Amino acid sequence: MREILPGSILSHIQYGYQKVPKKVKSQCPSCSKTSEFVLKANFYQVNKTGLFAEANCSECKKPAVFVIMLNDDSIHQKEEAGLYIYDPLATNGPLDQIQGNKRIPQDLVRSFRSALNVSQSKDNSATAVMSKRVLESVLKNFNGDQSSGQSLSEQFDQLPKNVDLSKPIQALSHLVHPKSAFYEMLELEREIDDETAGLLIELLEGLIEYLYVLPEKIESLQERIEKKY
Ligand SMILES: [Zn+2]
């Protein structure tokens, strides 16, 4: 299931007390193109809170399944219903990874979600405003309140002092200690099962991403933005 943010909902219809999405823009689970879907009106209500709807991709014409989550409590009834597309391969990217993460402050999750939402509806000014809010929220999370009143640039200067980027690497030194079970597996002195082999590969991916992919990505994005102006 992938959430379709309000910025990608092009029109609504009334369903009982609520407005539910009618026409939406989304990446198609079948052809992967960003196309339009007109949700068929013959909703099939699963329970009090969920509706199934089908719609065909405007590009490849194949059907896709949507789930509309209604707000059943009277307080939130005026709010828009949530919309999800059934896409076995899809995730919401970083949003999925941070939404359930207790270490990430809720105001950061909210502002990042809003930034994604306005960028999907191509509102560039709002994207700039929300992106600044995300940056401020990240910096405040690590630098604490003492940074308030400082410019973004000053706060970024402070950031490396307040975030321990070496911690994940130091933890690995412990993991591969010669007497550890993990090290014995690497040396084939101990049998390794399917689950651990899978975790091992994930660890390699994480390490490569942390050391090579992410720093390079941030640097190259910075260069591309600077070159433009
Ligand atoms: Zn398609």
# chains A, B, ... in the order shown; residues from 1 in each chain; ligands from 1
call {"tool": "residues_near_ligand", "arguments": {"ligand": "ligand 1", "cutoff": "6 Å", "atoms": "only C-alpha atoms and all ligand atoms", "output": "VMD selection string"}}
result
chain A and resid 28 30 to 31 33 57 59 to 60 62
call {"tool": "write_last_selection", "arguments": {"atoms": "N, CA and C atoms", "output": "mmCIF file, in the first residue's frame"}}
result
data_model
loop_
_atom_site.group_PDB
_atom_site.id
_atom_site.type_symbol
_atom_site.label_atom_id
_atom_site.label_comp_id
_atom_site.auth_asym_id
_atom_site.auth_seq_id
_atom_site.Cartn_x
_atom_site.Cartn_y
_atom_site.Cartn_z
ATOM 1 N N CYS A 28 1.528 4.355 -11.632
ATOM 2 C CA CYS A 28 0.749 3.144 -11.881
ATOM 3 C C CYS A 28 1.543 1.908 -11.443
ATOM 4 N N SER A 30 1.214 -1.001 -12.519
ATOM 5 C CA SER A 30 1.473 -1.891 -13.654
ATOM 6 C C SER A 30 2.537 -1.347 -14.598
ATOM 7 N N CYS A 31 2.376 -0.083 -15.036
ATOM 8 C CA CYS A 31 3.311 0.431 -16.054
ATOM 9 C C CYS A 31 4.332 1.407 -15.467
ATOM 10 N N LYS A 33 4.230 4.415 -14.948
ATOM 11 C CA LYS A 33 4.147 5.815 -15.376
ATOM 12 C C LYS A 33 3.284 6.616 -14.398
ATOM 13 N N CYS A 57 -5.699 2.749 -15.224
ATOM 14 C CA CYS A 57 -4.600 3.664 -15.518
ATOM 15 C C CYS A 57 -4.857 4.365 -16.851
ATOM 16 N N GLU A 59 -2.756 5.512 -18.807
ATOM 17 C CA GLU A 59 -1.695 5.179 -19.760
ATOM 18 C C GLU A 59 -1.832 3.749 -20.291
ATOM 19 N N CYS A 60 -1.799 2.777 -19.375
ATOM 20 C CA CYS A 60 -1.796 1.375 -19.833
ATOM 21 C C CYS A 60 -3.172 0.721 -19.747
ATOM 22 N N LYS A 62 -4.697 -0.619 -17.474
ATOM 23 C CA LYS A 62 -4.846 -1.738 -16.532
ATOM 24 C C LYS A 62 -5.491 -1.234 -15.237
#
call {"tool": "select_by_dssp", "arguments": {"residues": "region 81-218 of chain A", "states": "strand (DSSP E or B)", "output": "list in words"}}
result
Gly82, Leu83, Tyr84 and Ile85 of chain A
call {"tool": "residues_around", "arguments": {"residues": "region 203-220 of chain A", "least_positions_apart": "5", "cutoff": "10 Å", "atoms": "only C-alpha atoms", "output": "PyMOL selection string"}}
result
chain A and resi 165+168-169+172+197-198+225-226
call {"tool": "write_last_selection", "arguments": {"atoms": "N, CA and C atoms", "output": "compact mmCIF listing (two decimals), in the first residue's frame"}}
result
# COMPACT_ATOMS: atom_id res chain seq x y z
N LEU A 165 28.13 11.08 14.33
CA LEU A 165 28.05 10.34 13.08
C LEU A 165 28.92 9.07 13.10
N PRO A 168 27.43 4.63 14.60
CA PRO A 168 27.09 3.37 13.93
C PRO A 168 28.32 2.58 13.52
N ILE A 169 29.40 3.28 13.17
CA ILE A 169 30.63 2.60 12.74
C ILE A 169 31.32 1.94 13.93
N LEU A 172 30.10 -1.36 14.93
CA LEU A 172 30.53 -2.48 14.10
C LEU A 172 31.82 -3.10 14.63
N ALA A 197 22.15 -14.56 7.12
CA ALA A 197 22.74 -14.22 5.82
C ALA A 197 22.03 -13.01 5.23
N GLY A 198 20.69 -12.97 5.38
CA GLY A 198 19.92 -11.82 4.89
C GLY A 198 20.29 -10.55 5.63
N ILE A 225 22.67 22.51 -7.01
CA ILE A 225 21.89 23.71 -6.62
C ILE A 225 22.76 24.96 -6.75
N GLU A 226 24.02 24.85 -6.30
CA GLU A 226 24.91 26.03 -6.35
C GLU A 226 25.22 26.44 -7.79
call {"tool": "residues_around", "arguments": {"residues": "region 112-126 of chain A", "least_positions_apart": "6", "cutoff": "10 Å", "atoms": "only C-alpha atoms", "output": "list in words"}}
result
Ile4, Leu5, Pro6, Gly7, Ser8, Ile9, Leu10, Lys25, Ser26, Pro94, Leu95, Ile98, Gln99, Gln106, Lys132, Arg133, Val134, Leu135 and Ser137 of chain A
call {"tool": "atom_distance", "arguments": {"atom1": "CA of Gln155 (chain A)", "atom2": "CA of Leu139 (chain A)"}}
result
6.5 Å
call {"tool": "residues_around", "arguments": {"residues": "Val65 (chain A)", "least_positions_apart": "4", "cutoff": "8 Å", "atoms": "only C-alpha atoms", "output": "list in words"}}
result
Phe52, Ala53, Glu54, Ala55, Ile85 and Tyr86 of chain A
call {"tool": "select_by_dssp", "arguments": {"residues": "region 15-191 of chain A", "states": "alpha helix (DSSP H)", "output": "ChimeraX atom specification"}}
result
/A:94-99,106-120,124-143,152-162,167-175,181-186
call {"tool": "atom_distance", "arguments": {"atom1": "CA of Leu108 (chain A)", "atom2": "CA of Asp96 (chain A)"}}
result
13.3 Å
